[in-house]
Each structure stands twice: as structure tokens, then as C-alpha cells.
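final-v7.cif follows (mmCIF, C-alpha atoms):
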data_structure
#
loop_
_atom_site.label_atom_id
_atom_site.label_comp_id
_atom_site.auth_asym_id
_atom_site.auth_seq_id
_atom_site.Cartn_x
_atom_site.Cartn_y
_atom_site.Cartn_z
CA MET A 560 -7.84 95.13 52.70
CA VAL A 561 -7.52 91.49 51.60
CA ILE A 562 -4.16 89.77 52.13
CA ASP A 563 -3.44 86.54 50.28
CA THR A 564 -0.99 84.37 52.25
CA ASP A 565 -1.62 81.19 50.26
CA PRO A 566 1.04 80.26 47.65
CA GLN A 567 -1.78 78.88 45.48
CA GLY A 568 -2.93 82.48 45.05
CA ASN A 569 -6.60 81.56 44.69
CA THR A 570 -7.77 84.77 46.36
CA THR A 571 -5.54 86.78 44.02
CA SER A 572 -6.85 85.14 40.85
CA GLY A 573 -10.39 85.22 42.27
CA PHE A 574 -10.15 89.02 42.12
CA GLY A 575 -9.14 88.86 38.46
CA ILE A 576 -5.41 89.48 39.00
CA GLU A 577 -3.01 87.59 36.73
CA LYS A 578 -0.96 86.24 39.62
CA ASN A 579 2.02 85.00 37.61
CA ASN A 580 2.72 88.41 36.09
CA ILE A 581 3.14 90.44 39.29
CA GLU A 582 6.48 91.95 40.20
CA CYS A 583 5.67 92.81 43.82
CA THR A 584 3.64 90.32 45.86
CA ILE A 585 3.44 89.44 49.54
CA TYR A 586 6.52 87.25 48.98
CA GLU A 587 8.72 90.17 47.90
CA MET A 588 7.31 92.20 50.77
CA MET A 589 8.07 89.54 53.40
CA ILE A 590 11.66 89.01 52.25
CA GLY A 591 12.25 92.78 52.16
CA GLU A 592 12.51 93.32 48.41
CA CYS A 593 9.61 95.79 48.31
CA SER A 594 7.56 97.88 50.70
CA VAL A 595 4.02 97.14 51.82
CA PHE A 596 2.87 100.13 49.75
CA ASP A 597 4.48 98.69 46.60
CA SER A 598 2.70 95.38 47.14
CA ILE A 599 -0.83 96.81 47.53
CA ARG A 600 -3.15 96.72 44.50
CA LYS A 601 -5.64 99.53 45.02
CA ASN A 602 -9.39 99.34 44.34
CA ILE A 603 -9.34 95.93 42.66
CA VAL A 604 -13.05 96.16 43.18
CA GLU A 605 -14.66 99.28 44.65
CA ARG A 606 -13.20 100.05 48.10
CA VAL A 607 -11.20 96.80 48.24
CA ASP A 608 -7.39 96.72 48.15
CA ILE A 609 -5.42 93.47 47.97
CA ILE A 610 -1.90 92.27 48.66
CA PRO A 611 -1.54 89.43 46.12
CA ALA A 612 0.32 86.13 46.24
CA ASN A 613 1.58 83.52 43.83
CA VAL A 614 3.61 80.31 43.92
CA ASP A 615 6.80 82.23 44.78
CA LEU A 616 5.46 82.51 48.33
CA ALA A 617 6.11 78.79 48.85
CA ALA A 618 9.83 79.63 49.05
CA ALA A 619 9.28 82.02 51.95
CA GLU A 620 9.14 79.18 54.47
CA ILE A 621 12.72 78.20 53.60
CA GLU A 622 14.14 81.68 53.05
CA LEU A 623 12.84 83.01 56.37
CA ILE A 624 13.81 80.02 58.50
CA ASP A 625 16.80 81.76 60.08
CA THR A 626 15.16 85.19 60.29
CA GLU A 627 14.83 86.64 63.76
CA SER A 628 11.18 86.92 64.95
CA LYS A 629 10.07 85.18 61.75
CA GLU A 630 6.59 84.64 63.25
CA TYR A 631 6.01 88.42 63.22
CA ILE A 632 7.20 89.39 59.73
CA LEU A 633 3.71 89.97 58.32
CA LYS A 634 2.63 91.85 61.44
CA LYS A 635 5.61 94.21 61.08
CA TYR A 636 4.39 95.28 57.63
CA ILE A 637 0.64 95.35 58.29
CA ASP A 638 0.45 97.07 61.69
CA PRO A 639 1.42 100.52 60.33
CA ILE A 640 -1.36 100.48 57.69
CA LYS A 641 -4.18 98.49 59.28
CA ASP A 642 -5.97 101.54 60.70
CA GLU A 643 -6.51 102.81 57.15
CA TYR A 644 -9.03 99.99 56.62
CA ASP A 645 -12.40 99.04 58.14
CA TYR A 646 -11.42 95.37 57.93
CA VAL A 647 -8.23 93.49 57.11
CA ILE A 648 -9.02 89.95 55.93
CA ILE A 649 -6.14 87.46 55.65
CA ASP A 650 -6.71 84.37 53.53
CA CYS A 651 -4.56 81.54 54.89
CA PRO A 652 -3.21 78.39 53.22
CA PRO A 653 -4.98 75.14 54.11
CA SER A 654 -1.90 73.84 55.94
CA LEU A 655 -0.76 74.93 59.41
CA SER A 656 2.50 76.47 58.21
CA MET A 657 4.74 79.39 59.15
CA LEU A 658 2.62 81.51 56.81
CA THR A 659 -0.48 80.60 58.82
CA VAL A 660 1.34 81.43 62.06
CA ASN A 661 2.31 84.82 60.59
CA ALA A 662 -1.33 85.46 59.77
CA MET A 663 -2.36 84.54 63.32
CA THR A 664 0.20 86.82 64.95
CA THR A 665 -1.08 89.66 62.74
CA ALA A 666 -4.80 89.00 63.22
CA ASP A 667 -7.15 89.77 66.09
CA THR A 668 -9.54 86.89 65.37
CA VAL A 669 -9.73 83.67 63.38
CA LEU A 670 -12.77 82.81 61.26
CA VAL A 671 -12.76 79.11 60.35
CA PRO A 672 -14.58 77.87 57.24
CA ILE A 673 -15.41 74.16 57.44
CA GLN A 674 -16.37 72.16 54.39
CA CYS A 675 -19.17 69.74 55.14
CA GLU A 676 -17.02 66.66 54.64
CA TYR A 677 -16.12 63.59 56.66
CA TYR A 678 -12.83 64.81 58.17
CA ALA A 679 -14.12 68.27 59.11
CA LEU A 680 -13.97 67.76 62.86
CA GLU A 681 -10.43 66.35 62.77
CA GLY A 682 -9.12 69.38 60.87
CA LEU A 683 -10.97 71.78 63.14
CA SER A 684 -9.55 70.28 66.32
CA GLN A 685 -6.00 70.65 64.95
CA LEU A 686 -6.67 74.28 64.04
CA VAL A 687 -8.17 75.12 67.44
CA HIS A 688 -5.08 73.60 69.06
CA THR A 689 -2.84 75.80 66.88
CA VAL A 690 -4.88 78.92 67.70
CA ASN A 691 -4.51 78.15 71.40
CA LEU A 692 -0.74 77.69 71.04
CA VAL A 693 -0.36 80.97 69.15
CA ARG A 694 -2.43 82.75 71.79
CA GLU A 695 -0.30 81.34 74.61
CA ARG A 696 3.09 81.95 73.03
CA LEU A 697 2.86 84.65 70.34
CA ASN A 698 -0.37 86.66 70.28
CA PRO A 699 -2.34 86.85 73.54
CA LYS A 700 -5.04 88.95 71.88
CA LEU A 701 -5.96 86.27 69.33
CA GLU A 702 -9.53 84.99 69.57
CA MET A 703 -11.66 82.47 67.72
CA GLU A 704 -14.16 84.54 65.76
CA GLY A 705 -16.23 81.49 65.00
CA VAL A 706 -16.90 78.61 62.62
CA VAL A 707 -18.84 78.83 59.36
CA PHE A 708 -20.00 75.78 57.39
CA THR A 709 -19.40 75.84 53.63
CA MET A 710 -20.25 73.63 50.64
CA PHE A 711 -23.37 72.44 52.45
CA ASP A 712 -25.65 70.16 50.42
CA SER A 713 -29.04 69.80 52.08
CA ARG A 714 -29.80 66.78 49.88
CA THR A 715 -27.15 64.62 51.55
CA ASN A 716 -27.17 63.09 55.00
CA LEU A 717 -23.40 63.63 55.23
CA SER A 718 -23.67 67.43 55.26
CA LEU A 719 -26.30 67.30 57.99
CA GLN A 720 -24.23 64.82 60.02
CA VAL A 721 -21.08 66.96 59.74
CA VAL A 722 -22.91 70.05 61.00
CA GLU A 723 -24.43 68.23 63.96
CA ASN A 724 -21.17 66.42 64.75
CA VAL A 725 -19.09 69.60 64.80
CA LYS A 726 -21.69 71.50 66.84
CA SER A 727 -21.75 68.76 69.47
CA HIS A 728 -17.95 68.63 69.86
CA ILE A 729 -16.84 72.25 69.97
CA ASP A 730 -17.34 75.16 72.30
CA GLU A 731 -16.52 77.71 69.60
CA LYS A 732 -19.16 80.03 68.16
CA VAL A 733 -20.91 78.58 65.14
CA TYR A 734 -22.45 81.03 62.70
CA LYS A 735 -26.12 80.52 61.87
CA THR A 736 -25.46 81.27 58.21
CA ILE A 737 -24.46 78.18 56.23
CA ILE A 738 -22.90 78.57 52.77
CA PRO A 739 -24.52 76.16 50.30
CA ARG A 740 -22.99 74.28 47.41
CA ASN A 741 -23.84 76.60 44.53
CA ILE A 742 -22.93 76.50 40.84
CA ARG A 743 -22.62 80.29 40.61
CA LEU A 744 -20.23 80.32 43.59
CA ALA A 745 -18.08 77.72 41.84
CA GLU A 746 -18.09 79.68 38.57
CA ALA A 747 -17.24 83.15 39.92
CA PRO A 748 -13.49 82.60 40.60
CA SER A 749 -12.87 81.40 37.05
CA TYR A 750 -14.15 84.78 35.82
CA GLY A 751 -12.06 86.67 38.39
CA ILE A 752 -15.13 88.32 39.88
CA PRO A 753 -16.44 88.17 43.48
CA ILE A 754 -19.80 86.42 43.74
CA ASN A 755 -21.67 89.60 44.73
CA LEU A 756 -20.64 91.12 41.37
CA TYR A 757 -20.79 87.94 39.30
CA ASP A 758 -24.35 87.02 40.31
CA SER A 759 -25.68 89.09 43.19
CA LYS A 760 -29.03 87.27 43.15
CA SER A 761 -27.62 83.77 43.48
CA ALA A 762 -28.10 81.67 46.61
CA GLY A 763 -24.34 81.81 47.22
CA ALA A 764 -24.20 85.61 47.11
CA GLU A 765 -27.17 85.89 49.43
CA ALA A 766 -25.57 83.46 51.89
CA TYR A 767 -22.36 85.49 52.02
CA ARG A 768 -24.34 88.71 52.51
CA LEU A 769 -26.10 87.12 55.48
CA LEU A 770 -22.75 85.93 56.85
CA ALA A 771 -21.29 89.43 56.52
CA ASP A 772 -24.32 90.87 58.35
CA GLU A 773 -23.92 88.30 61.11
CA ILE A 774 -20.20 89.04 61.54
CA ILE A 775 -20.78 92.81 61.67
CA GLU A 776 -23.65 92.37 64.12
CA ARG A 777 -21.42 90.39 66.48
CA LYS A 778 -18.72 93.06 66.24
CA PHE A 779 -21.00 95.94 67.08
#

Starting from the coordinates I provided, produce the structure as C-alpha cells.
Amino acid sequence: MVIDTDPQGNTTSGFGIEKNNIECTIYEMMIGECSVFDSIRKNIVERVDIIPANVDLAAAEIELIDTESKEYILKKYIDPIKDEYDYVIIDCPPSLSMLTVNAMTTADTVLVPIQCEYYALEGLSQLVHTVNLVRERLNPKLEMEGVVFTMFDSRTNLSLQVVENVKSHIDEKVYKTIIPRNIRLAEAPSYGIPINLYDSKSAGAEAYRLLADEIIERKF
């Protein structure tokens, strides 16, 4: 199961779903206009279901502001179905919003992708602080799964410096697999196809396979 909690809906369109023509998204589910079962799109690719999102979700922050236990709305819908899936992956918006908090109260662990850019460490420290707050106040089971570097360009000193800088400043687990900048990775979303189907032999697809192996190995 993949859950898109980002109003930009990039995960939704990345799976080839026309996000602006959906009647029942995570937004309708969270405000109680449809059930979790109505919002699920089955087998978008083989053995992958998705709960889609679009720009309507941006209104959820305002509409849910007076809702009791608003931090647990997503959890309320996902808990009854999560055991039907091997993994539930929640894609969060880039901002630390109520939607992100809902994702963290629903999740067991947080996997943090870090782009190899100048402000990477600053953003990571803010996120770690938020994870710690959620753990203390809302979800004591929440853990940091680890950090994965993305958009790495081995030709630039900046990418190398960002990796070394982050590694030296954090105690969190850092995955060995680093996702490179890759043209095929950049192209795949525009075709609405996951990279392993768009070009399974590309460097980007191979990197994500290695990352998946590493995550599963840590779990078991």
C-alpha cells in the first residue's frame, strides 16, 4: 500500500493516475466523505495499491483544525486495513504540517530522503526534532528508520561534502545505498511509470533495488 499525503500529488501522478479526475482521494477519506475502501485504487501496478491525493488535500489543514484528535485521523482509517499489506508506505509533503504529523502518528518508522544540497543538514535537524516531539507526545512507537541520500552527483564536491557533513552530525542510521542523479529516474514520473518498470536496467532502478534490499535486510 502506498499512501499519498502530499497535496502536490506527485506520487499519485507518478503511478500514472490522473489526479485531478478522482472523486475519492485521501482528502475525501480524511474529512469523512468516503470510506478507506472507496479511496483505494487496487493493483495500480502488480501487487501495489494506492490511496491517491490531489490539490484538494491542501484544504484539509483548515477543515480539520477544530476536529477532535485531528493528529490521529489518518491512523483511524489505516489501522483496520494495514495488516492486509506487507508494507504501508506513506509519502509525506516536504513541509512539517498537520498532514506530516498524521503520517507520523500512523507510521512505525520514518525513512528520510536527503537531497545532496547545501541546506540538507538544516532540514534534517528540524525533521529529527519533529520526530522526537511526535514520539514523546503522540506516538511512542515511532522510530527513525534511517537516512538515504538522493540526487547524488559524484562529479561535484558539493554532493560529497553534504554526505560527509550529514554523517558527521547525526546519530541516525545512514543507508549505504546512495541514489544517484539519473536521467531515467527524472523521466519516469512524466510517463506515470515506476522506475523499475520504465527502465529496470538504469542506474536509478538498480540503486532503488539495492535500497529495498537493505531496508528488508534490516527488518529481518

For this structure, which residues satisfy the selection - the PyMOL selection byres ((chain A and resi 731-741) around 6) - when it is evaluated on the file as given? I want them as a ChimeraX atom specification. /A:705-712,729-730,742-744,763,766,770

Would you translate the PyMOL selection byres ((chain A and resi 573-587) around 7) into the concrete set of residues it matches in this file, as a ChimeraX atom specification? /A:568-572,588-593,597-598,603,610-613,615-616,619,748-753

Generate a file of the selected residues that holds C-alpha atoms, formatted as a PDB file, in the frame of the given file.
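What follows is the written file out_5.pdb:
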ATOM      1  CA  GLY A 568      -2.930  82.480  45.050  1.00  0.00           C
ATOM      2  CA  ASN A 569      -6.600  81.560  44.690  1.00  0.00           C
ATOM      3  CA  THR A 570      -7.770  84.770  46.360  1.00  0.00           C
ATOM      4  CA  THR A 571      -5.540  86.780  44.020  1.00  0.00           C
ATOM      5  CA  SER A 572      -6.850  85.140  40.850  1.00  0.00           C
ATOM      6  CA  MET A 588       7.310  92.200  50.770  1.00  0.00           C
ATOM      7  CA  MET A 589       8.070  89.540  53.400  1.00  0.00           C
ATOM      8  CA  ILE A 590      11.660  89.010  52.250  1.00  0.00           C
ATOM      9  CA  GLY A 591      12.250  92.780  52.160  1.00  0.00           C
ATOM     10  CA  GLU A 592      12.510  93.320  48.410  1.00  0.00           C
ATOM     11  CA  CYS A 593       9.610  95.790  48.310  1.00  0.00           C
ATOM     12  CA  ASP A 597       4.480  98.690  46.600  1.00  0.00           C
ATOM     13  CA  SER A 598       2.700  95.380  47.140  1.00  0.00           C
ATOM     14  CA  ILE A 603      -9.340  95.930  42.660  1.00  0.00           C
ATOM     15  CA  ILE A 610      -1.900  92.270  48.660  1.00  0.00           C
ATOM     16  CA  PRO A 611      -1.540  89.430  46.120  1.00  0.00           C
ATOM     17  CA  ALA A 612       0.320  86.130  46.240  1.00  0.00           C
ATOM     18  CA  ASN A 613       1.580  83.520  43.830  1.00  0.00           C
ATOM     19  CA  ASP A 615       6.800  82.230  44.780  1.00  0.00           C
ATOM     20  CA  LEU A 616       5.460  82.510  48.330  1.00  0.00           C
ATOM     21  CA  ALA A 619       9.280  82.020  51.950  1.00  0.00           C
ATOM     22  CA  PRO A 748     -13.490  82.600  40.600  1.00  0.00           C
ATOM     23  CA  SER A 749     -12.870  81.400  37.050  1.00  0.00           C
ATOM     24  CA  TYR A 750     -14.150  84.780  35.820  1.00  0.00           C
ATOM     25  CA  GLY A 751     -12.060  86.670  38.390  1.00  0.00           C
ATOM     26  CA  ILE A 752     -15.130  88.320  39.880  1.00  0.00           C
ATOM     27  CA  PRO A 753     -16.440  88.170  43.480  1.00  0.00           C
TER      28      PRO A 753
END

Reference answer for the PyMOL selection byres ((chain A and resi 688-695) around 10), as a ChimeraX atom specification: /A:630,655,659-661,663-664,668-669,683-687,696-703

Using all atoms listed in the file, the shortest atom-to-atom distance to Lys635 of chain A among A:Leu658, A:Ala618, A:Val595, A:Leu623 belongs to A:Val595

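For the pair atom CA of Tyr678 of chain A and atom CA of Ala666 of chain A, the separation is 26.0 Å.
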
Please indicate the distance in Å from atom CA of Glu773 of chain A to atom CA of Pro672 of chain A, rounded to one decimal place. 14.5 Å

Could you list, as a compact mmCIF listing (two decimals) with C-alpha atoms, in the coordinates of the input, every residue within 12 Å of Ile775 of chain A, counting all atoms listed in the file and ignoring same-chain residues fewer than 6 positions away?
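Saved file result.txt follows:
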# COMPACT_ATOMS: atom_id res chain seq x y z
CA ASP A 645 -12.40 99.04 58.14
CA TYR A 646 -11.42 95.37 57.93
CA GLU A 704 -14.16 84.54 65.76
CA TYR A 734 -22.45 81.03 62.70
CA ARG A 768 -24.34 88.71 52.51
CA LEU A 769 -26.10 87.12 55.48

In Å, rounded to a single decimal, give me how far atom CA of Lys726 of chain A is from atom CA of Glu681 of chain A.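 Value for the atom CA of Glu681 of chain A-atom CA of Lys726 of chain A distance: 13.0 Å.
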
How would segment 706-731 of chain A read, as a PDB file, in the frame of the given file, once N, CA and C atoms are built in?
ATOM      1  N   VAL A 706     -16.962  79.650  63.649  1.00  0.00           N
ATOM      2  CA  VAL A 706     -16.900  78.610  62.620  1.00  0.00           C
ATOM      3  C   VAL A 706     -18.059  78.818  61.662  1.00  0.00           C
ATOM      4  N   VAL A 707     -17.776  78.731  60.359  1.00  0.00           N
ATOM      5  CA  VAL A 707     -18.840  78.830  59.360  1.00  0.00           C
ATOM      6  C   VAL A 707     -18.780  77.589  58.456  1.00  0.00           C
ATOM      7  N   PHE A 708     -19.924  76.969  58.251  1.00  0.00           N
ATOM      8  CA  PHE A 708     -20.000  75.780  57.390  1.00  0.00           C
ATOM      9  C   PHE A 708     -20.140  76.199  55.934  1.00  0.00           C
ATOM     10  N   THR A 709     -19.346  75.552  55.065  1.00  0.00           N
ATOM     11  CA  THR A 709     -19.400  75.840  53.630  1.00  0.00           C
ATOM     12  C   THR A 709     -19.651  74.560  52.849  1.00  0.00           C
ATOM     13  N   MET A 710     -19.992  74.749  51.565  1.00  0.00           N
ATOM     14  CA  MET A 710     -20.250  73.630  50.640  1.00  0.00           C
ATOM     15  C   MET A 710     -21.283  72.665  51.232  1.00  0.00           C
ATOM     16  N   PHE A 711     -22.316  73.240  51.825  1.00  0.00           N
ATOM     17  CA  PHE A 711     -23.370  72.440  52.450  1.00  0.00           C
ATOM     18  C   PHE A 711     -24.371  72.008  51.378  1.00  0.00           C
ATOM     19  N   ASP A 712     -24.668  70.719  51.363  1.00  0.00           N
ATOM     20  CA  ASP A 712     -25.650  70.160  50.420  1.00  0.00           C
ATOM     21  C   ASP A 712     -26.787  69.555  51.241  1.00  0.00           C
ATOM     22  N   SER A 713     -27.909  70.239  51.251  1.00  0.00           N
ATOM     23  CA  SER A 713     -29.040  69.800  52.080  1.00  0.00           C
ATOM     24  C   SER A 713     -29.630  68.474  51.609  1.00  0.00           C
ATOM     25  N   ARG A 714     -29.244  68.050  50.407  1.00  0.00           N
ATOM     26  CA  ARG A 714     -29.800  66.780  49.880  1.00  0.00           C
ATOM     27  C   ARG A 714     -29.070  65.553  50.427  1.00  0.00           C
ATOM     28  N   THR A 715     -27.933  65.769  51.083  1.00  0.00           N
ATOM     29  CA  THR A 715     -27.150  64.620  51.550  1.00  0.00           C
ATOM     30  C   THR A 715     -27.180  64.527  53.082  1.00  0.00           C
ATOM     31  N   ASN A 716     -27.221  63.300  53.559  1.00  0.00           N
ATOM     32  CA  ASN A 716     -27.170  63.090  55.000  1.00  0.00           C
ATOM     33  C   ASN A 716     -25.811  63.479  55.569  1.00  0.00           C
ATOM     34  N   LEU A 717     -24.751  63.338  54.751  1.00  0.00           N
ATOM     35  CA  LEU A 717     -23.400  63.630  55.230  1.00  0.00           C
ATOM     36  C   LEU A 717     -23.275  65.075  55.685  1.00  0.00           C
ATOM     37  N   SER A 718     -23.768  66.020  54.883  1.00  0.00           N
ATOM     38  CA  SER A 718     -23.670  67.430  55.260  1.00  0.00           C
ATOM     39  C   SER A 718     -24.371  67.694  56.588  1.00  0.00           C
ATOM     40  N   LEU A 719     -25.547  67.122  56.747  1.00  0.00           N
ATOM     41  CA  LEU A 719     -26.300  67.300  57.990  1.00  0.00           C
ATOM     42  C   LEU A 719     -25.555  66.684  59.167  1.00  0.00           C
ATOM     43  N   GLN A 720     -24.967  65.505  58.948  1.00  0.00           N
ATOM     44  CA  GLN A 720     -24.230  64.820  60.020  1.00  0.00           C
ATOM     45  C   GLN A 720     -22.993  65.607  60.428  1.00  0.00           C
ATOM     46  N   VAL A 721     -22.285  66.179  59.439  1.00  0.00           N
ATOM     47  CA  VAL A 721     -21.080  66.960  59.740  1.00  0.00           C
ATOM     48  C   VAL A 721     -21.439  68.164  60.599  1.00  0.00           C
ATOM     49  N   VAL A 722     -22.484  68.872  60.235  1.00  0.00           N
ATOM     50  CA  VAL A 722     -22.910  70.050  61.000  1.00  0.00           C
ATOM     51  C   VAL A 722     -23.235  69.672  62.439  1.00  0.00           C
ATOM     52  N   GLU A 723     -24.029  68.636  62.607  1.00  0.00           N
ATOM     53  CA  GLU A 723     -24.430  68.230  63.960  1.00  0.00           C
ATOM     54  C   GLU A 723     -23.233  67.712  64.760  1.00  0.00           C
ATOM     55  N   ASN A 724     -22.339  66.983  64.087  1.00  0.00           N
ATOM     56  CA  ASN A 724     -21.170  66.420  64.750  1.00  0.00           C
ATOM     57  C   ASN A 724     -20.247  67.526  65.264  1.00  0.00           C
ATOM     58  N   VAL A 725     -19.973  68.504  64.404  1.00  0.00           N
ATOM     59  CA  VAL A 725     -19.090  69.600  64.800  1.00  0.00           C
ATOM     60  C   VAL A 725     -19.721  70.407  65.935  1.00  0.00           C
ATOM     61  N   LYS A 726     -21.001  70.706  65.809  1.00  0.00           N
ATOM     62  CA  LYS A 726     -21.690  71.500  66.840  1.00  0.00           C
ATOM     63  C   LYS A 726     -21.643  70.816  68.206  1.00  0.00           C
ATOM     64  N   SER A 727     -21.707  69.492  68.200  1.00  0.00           N
ATOM     65  CA  SER A 727     -21.750  68.760  69.470  1.00  0.00           C
ATOM     66  C   SER A 727     -20.376  68.609  70.116  1.00  0.00           C
ATOM     67  N   HIS A 728     -19.303  68.871  69.348  1.00  0.00           N
ATOM     68  CA  HIS A 728     -17.950  68.630  69.860  1.00  0.00           C
ATOM     69  C   HIS A 728     -17.148  69.889  70.159  1.00  0.00           C
ATOM     70  N   ILE A 729     -17.643  71.042  69.775  1.00  0.00           N
ATOM     71  CA  ILE A 729     -16.840  72.250  69.970  1.00  0.00           C
ATOM     72  C   ILE A 729     -17.567  73.273  70.823  1.00  0.00           C
ATOM     73  N   ASP A 730     -16.784  74.076  71.507  1.00  0.00           N
ATOM     74  CA  ASP A 730     -17.340  75.160  72.300  1.00  0.00           C
ATOM     75  C   ASP A 730     -17.294  76.485  71.547  1.00  0.00           C
ATOM     76  N   GLU A 731     -16.674  76.473  70.350  1.00  0.00           N
ATOM     77  CA  GLU A 731     -16.520  77.710  69.600  1.00  0.00           C
ATOM     78  C   GLU A 731     -17.878  78.188  69.072  1.00  0.00           C
TER      79      GLU A 731
END
